[in-house]
Amino acid sequence: MPKSNGNSSAGFSLLKGVFPINRAAALRDALAGISLASMDIPQVLGYARIAGMPAVTGLYTVFLPLVAFAFFGASRHLVVAADSATATILASRVSSMAPMGTAEYITLASAVALLTAALLLLARIFKLGFLADFLSRTVLIGFLAGVGVQVSIAMFGDMFGMTVPIPSSRSFAQLVYVAGHLMQVNPPTVALTALVVVAILGGKRFLPRVPMSLIAVVGSIAASKFFDFAGHGMSVLGPVAGGLPPLRFPVVTWQQFLDLVPVAASCFVMIIAQSAAAARVFAQAHHEEVDANADILGLAAANAAAALSGTFVVNGSPTQTAMAERAGTRSQIGQLAFAVVVVIVLLFLSAFLQYLPRCVLAGIVFTIALGLINVRALKAIRGESPGEFALALATAAAVVLVGVEHGILLAVALSMMRHVRHSYHPHTMVLAPAAPSGRWVPVPARPGVVTAPGLIVYRFGADLFYANDHFFCSEVAGLIEAANEELHCFVVDAGAITDLDYSAARTLIDFIQDLRARNIRVIFGRVNSYLRSDMDRHGVTTIVGTSNIFETLHAALAVVGVEPPAHVNGGL
């Protein structure tokens with residue numbers, strides 16, 4: 001298993017994702033990078049469309065940002081480029097500040113990338129790679145499903161050959177508008193769109209190694225130029241600026257800066273979560289280490305490069321990283337080769353993009369969006385945990401109904417609430433005899449259950465803190481009140497408790513004193529060194545007494561004079 005040194009203090013170094021490498025592996029990765037370029041160039045053009053940016057800026061995301069991550073990042077596999085989730089977050093807010101595709105819009109988008117880079121740099125300085133763990137996989141799946149639905153709806157206008165005068169952040173209004181104007185569809189556009197979508201989806205299913213998106217782009221460009229699609233009423237991209245990206249610093253007003261901070265924060269959260277997840281998955285597959293903080297530095301550098309080269313936020317894309325894996329790349333040499341191919345396209349082939357039909361690009365984006373809806377994972381979540389499935393659906397619905405920016409905030413909030421709920425209301429058990437053998441087995445804690453005459457052995461499944469101390473005392477009081485016989489000893493199995501805060505300690509002291517007044521002895525078993533330190537510091541040890549605190553449950557039961565069944569001794 002790979003080790004994660006996300007909080008490591010290892011020194012700074014370059015090209016961690018490249019070295020060590022030998023000549024044969026470098027050649028293999030370079031050829032794989034060329035293959036990756038053939039599959040991924042149409043994708044990044046589609047992501048530029050999602051972001052509301054000129055198509056050529058999609059190519060910019062796989063030039064300098066890709067090179068920057070290869071130099072400063074640590075992952076050998078992560079492809080850092082345009083991504084649908086961050087592109088959607090960007091468009092959902094910036095589109096309300098400036099018309100899409102305009103010079104002002106491009107400047108604002110670049111400013112978001114620069115702000116995101118600053119947040120990532122701060123995260124690296126303070127070693128905040130662990131933040132990725134606070135966005136659960138469940139709500140991330142729901143969030144991406146919502147993004148998939150929103151992006152799919154946003155593509156309907158171009159796919160049907162109509163103009164939809166409603167921003168992409170208002171998915172339901174867009175859907176209603178399209179449904180009410182179906183008579184305005186352009187039949188040739190719809191036919192070409194359907195052909196592209198069927199070809200790409202069919203290729204993924206039956207010919208996964210064939211770059212069907214590239215074939216669709218090249219074929220449609222050739223057909224558009226030869227048959228003059230634009231002259232027959234079919235919308236095309238139009239003139240595309242060629243050459244390498246101009247380097248400039250995005251300048252915005254103070255008010256625009258303040259308006260863009262929440263957008264950058266949302267992109268930051270998504271980048272941290274997705275990039276860390278993708279890096280871990282592919283590192284595990286190849287038994288490699290994960291350096292989350294070095295990857296964050298690489299992501300900061302990549303976004304700074306994106307900002308200075310006039311493009312938009314880049315992310316460690318799980319889908320593009322998976323494509324790189326299928327292409328055969330095993331180091332960032334493959335991504336650098338991809339960047340070289342992009343330079344060739346920018347210098348010599350970008351003029352042909354002007355003939356690309358918008359419906360073809362929309363069809364490619366539509367298939368990307370469908371891929372974000374992980375039906376298999378959603379079905380697995382529903383089968384294993386209906387409660388988590390409801391969280392995933394709630395997140396997806398929030399993205400579609402109220403927007404991506406609010407959706408990511410809800411995703412984080414739901415992840416945190418789920419964690420807090422487990423801590424606030426943990427699993428609790430009582431050891432109780434099972435008929436007919438009389439063997440002790442853990443059963444859910446409920447009134448009336450006892451371990452032995454006059455004895456209850458109770459296990460609390462989380463740390464004790466201010467939010468759950470009253471739950472602990474309330475449940476214990478219920479168990480004691482419902483005991484059928486005279487109770488003289490209550491044993492707390494503290495195996496799951498590693499921390500005790502001030503508030504919980506005060507509550508616990510009052511409760512123990514109350515039980516002692518009722519002649520009920522309280523004993524703690526399986527007390528680890530961390531819990532014992534907290535008990536000593538907060539004065540709980542003084543109230544309980546050192547003679548009632550034990551490192552094992554077996555020792556705790558021995559002082560009560562109760563011999564547990566032999567089959568559980570080893571685990572006590």
# chains A, B, ... in the order shown; residues from 1 in each chain; ligands from 1
>>> residues_around(residues="region 251-261 of chain A", least_positions_apart="5", cutoff="9 Å", atoms="only C-alpha atoms", output="compact mmCIF listing (two decimals) with N, CA and C atoms, in the first residue's frame")
# COMPACT_ATOMS: atom_id res chain seq x y z
N ARG A 93 -20.82 31.85 -11.77
CA ARG A 93 -20.76 33.15 -11.11
C ARG A 93 -20.24 34.26 -12.03
N VAL A 94 -19.18 33.98 -12.76
CA VAL A 94 -18.55 35.02 -13.59
C VAL A 94 -19.47 35.44 -14.73
N MET A 97 -21.21 38.54 -14.18
CA MET A 97 -20.41 39.74 -14.03
C MET A 97 -19.96 40.33 -15.38
N THR A 107 -10.53 38.13 -18.48
CA THR A 107 -9.74 38.71 -17.39
C THR A 107 -10.25 38.24 -16.04
N LEU A 108 -11.57 38.24 -15.88
CA LEU A 108 -12.15 37.77 -14.61
C LEU A 108 -11.85 36.30 -14.38
N ALA A 109 -11.94 35.50 -15.44
CA ALA A 109 -11.64 34.07 -15.31
C ALA A 109 -10.18 33.86 -14.92
N ALA A 111 -8.37 35.99 -13.29
CA ALA A 111 -8.24 36.44 -11.90
C ALA A 111 -8.69 35.36 -10.92
N VAL A 112 -9.74 34.62 -11.27
CA VAL A 112 -10.17 33.50 -10.43
C VAL A 112 -9.06 32.46 -10.32
N LEU A 115 -6.45 33.84 -7.92
CA LEU A 115 -6.91 33.75 -6.54
C LEU A 115 -6.88 32.30 -6.05
N THR A 116 -7.28 31.40 -6.91
CA THR A 116 -7.24 29.97 -6.54
C THR A 116 -5.81 29.53 -6.28
N SER A 266 -14.62 28.18 -3.85
CA SER A 266 -15.34 26.99 -4.30
C SER A 266 -14.45 26.14 -5.19
>>> residues_around(residues="region 489-505 of chain A", least_positions_apart="3", cutoff="7 Å", atoms="only C-alpha atoms", output="tab-separated table (two decimals) with N, CA and C atoms, in the first residue's frame")
chain	number	residue	atom	x	y	z
A	454	GLY	N	-26.63	-7.39	38.62
A	454	GLY	CA	-26.00	-6.27	39.30
A	454	GLY	C	-24.92	-5.56	38.48
A	455	LEU	N	-24.73	-5.97	37.19
A	455	LEU	CA	-23.62	-5.43	36.39
A	455	LEU	C	-24.09	-5.07	34.98
A	456	ILE	N	-23.63	-3.92	34.51
A	456	ILE	CA	-23.80	-3.52	33.11
A	456	ILE	C	-22.42	-3.13	32.57
A	457	VAL	N	-22.05	-3.71	31.43
A	457	VAL	CA	-20.83	-3.33	30.72
A	457	VAL	C	-21.26	-2.58	29.47
A	458	TYR	N	-20.92	-1.32	29.41
A	458	TYR	CA	-21.44	-0.40	28.38
A	458	TYR	C	-20.28	0.13	27.54
A	459	ARG	N	-20.45	0.13	26.23
A	459	ARG	CA	-19.43	0.64	25.32
A	459	ARG	C	-19.96	1.86	24.57
A	460	PHE	N	-19.20	2.96	24.63
A	460	PHE	CA	-19.53	4.20	23.93
A	460	PHE	C	-18.61	4.32	22.72
A	461	GLY	N	-19.18	4.51	21.54
A	461	GLY	CA	-18.41	4.38	20.30
A	461	GLY	C	-17.78	5.63	19.74
A	462	ALA	N	-17.47	6.63	20.56
A	462	ALA	CA	-16.83	7.86	20.05
A	462	ALA	C	-16.16	8.58	21.20
A	463	ASP	N	-15.38	9.61	20.86
A	463	ASP	CA	-14.81	10.47	21.88
A	463	ASP	C	-15.92	11.20	22.63
A	464	LEU	N	-15.66	11.55	23.86
A	464	LEU	CA	-16.62	12.31	24.66
A	464	LEU	C	-16.29	13.80	24.57
A	465	PHE	N	-17.24	14.58	24.07
A	465	PHE	CA	-17.02	16.01	23.97
A	465	PHE	C	-18.33	16.74	24.25
A	466	TYR	N	-18.28	18.06	24.17
A	466	TYR	CA	-19.41	18.89	24.63
A	466	TYR	C	-20.73	18.57	23.95
A	469	ASP	N	-21.87	14.60	25.41
A	469	ASP	CA	-21.80	14.16	26.80
A	469	ASP	C	-23.18	13.95	27.42
A	508	LEU	N	-19.36	14.57	33.15
A	508	LEU	CA	-19.05	13.22	33.60
A	508	LEU	C	-18.81	13.19	35.11
A	509	ILE	N	-18.12	14.17	35.63
A	509	ILE	CA	-17.86	14.22	37.08
A	509	ILE	C	-19.17	14.31	37.86
A	520	ILE	N	-23.67	3.01	43.34
A	520	ILE	CA	-23.32	2.33	42.11
A	520	ILE	C	-21.86	2.66	41.78
A	521	ARG	N	-21.06	1.62	41.75
A	521	ARG	CA	-19.63	1.80	41.49
A	521	ARG	C	-19.41	1.98	39.97
A	522	VAL	N	-18.65	2.99	39.59
A	522	VAL	CA	-18.32	3.24	38.18
A	522	VAL	C	-16.87	2.87	37.94
A	523	ILE	N	-16.67	2.00	36.94
A	523	ILE	CA	-15.33	1.50	36.61
A	523	ILE	C	-15.09	1.75	35.12
A	524	PHE	N	-13.88	2.17	34.79
A	524	PHE	CA	-13.50	2.37	33.38
A	524	PHE	C	-12.49	1.30	32.97
A	525	GLY	N	-12.79	0.59	31.89
A	525	GLY	CA	-11.88	-0.40	31.34
A	525	GLY	C	-11.42	0.00	29.94
A	526	ARG	N	-10.30	-0.57	29.54
A	526	ARG	CA	-9.68	-0.27	28.23
A	526	ARG	C	-9.41	1.22	28.08
A	527	VAL	N	-8.85	1.82	29.11
A	527	VAL	CA	-8.50	3.24	29.10
A	527	VAL	C	-7.11	3.39	28.49
A	528	ASN	N	-7.01	4.05	27.34
A	528	ASN	CA	-5.72	4.24	26.69
A	528	ASN	C	-4.99	5.43	27.31
A	530	TYR	N	-4.04	8.27	26.06
A	530	TYR	CA	-4.57	9.59	25.73
A	530	TYR	C	-5.76	9.94	26.62
A	531	LEU	N	-6.68	9.00	26.76
A	531	LEU	CA	-7.84	9.23	27.61
A	531	LEU	C	-7.41	9.39	29.07
A	534	ASP	N	-6.22	12.86	29.71
A	534	ASP	CA	-7.33	13.81	29.81
A	534	ASP	C	-8.07	13.66	31.13
A	538	HIS	N	-8.34	16.79	33.81
A	538	HIS	CA	-9.65	17.39	34.11
A	538	HIS	C	-10.19	16.98	35.49
A	540	VAL	N	-11.08	13.96	36.53
A	540	VAL	CA	-11.99	12.81	36.53
A	540	VAL	C	-11.37	11.65	37.31
A	553	LEU	N	-10.37	-4.49	29.81
A	553	LEU	CA	-11.69	-4.74	30.34
A	553	LEU	C	-11.68	-5.97	31.25
>>> closest_residue(among="A:Val343, A:Val79, A:Met39, A:Ala118", to="Arg330 (chain A)", atoms="only C-alpha atoms")
A:Val79
>>> residues_around(residues="Ala301 (chain A)", least_positions_apart="5", cutoff="8 Å", atoms="only C-alpha atoms", output="ChimeraX atom specification")
/A:65,68-69,72,117
>>> write_last_selection(atoms="N, CA and C atoms", output="JSON list (two decimals), in the first residue's frame")
[["chain", "number", "residue", "atom", "x", "y", "z"],
["A", 65, "PRO", "N", 0.08, 25.38, -17.73],
["A", 65, "PRO", "CA", -0.33, 24.75, -16.46],
["A", 65, "PRO", "C", 0.14, 23.31, -16.34],
["A", 68, "ALA", "N", 3.81, 23.40, -15.58],
["A", 68, "ALA", "CA", 4.06, 23.87, -14.22],
["A", 68, "ALA", "C", 3.84, 22.76, -13.21],
["A", 69, "PHE", "N", 2.76, 21.98, -13.37],
["A", 69, "PHE", "CA", 2.53, 20.89, -12.41],
["A", 69, "PHE", "C", 3.61, 19.82, -12.54],
["A", 72, "PHE", "N", 6.53, 21.15, -10.44],
["A", 72, "PHE", "CA", 6.39, 21.41, -9.00],
["A", 72, "PHE", "C", 5.58, 20.35, -8.26],
["A", 117, "ALA", "N", -4.88, 30.00, -7.11],
["A", 117, "ALA", "CA", -3.47, 29.68, -6.90],
["A", 117, "ALA", "C", -2.99, 30.20, -5.55]]
>>> closest_residue(among="A:Cys359, A:Leu140, A:Val443, A:Leu410", to="Leu192 (chain A)", atoms="only C-alpha atoms")
A:Cys359
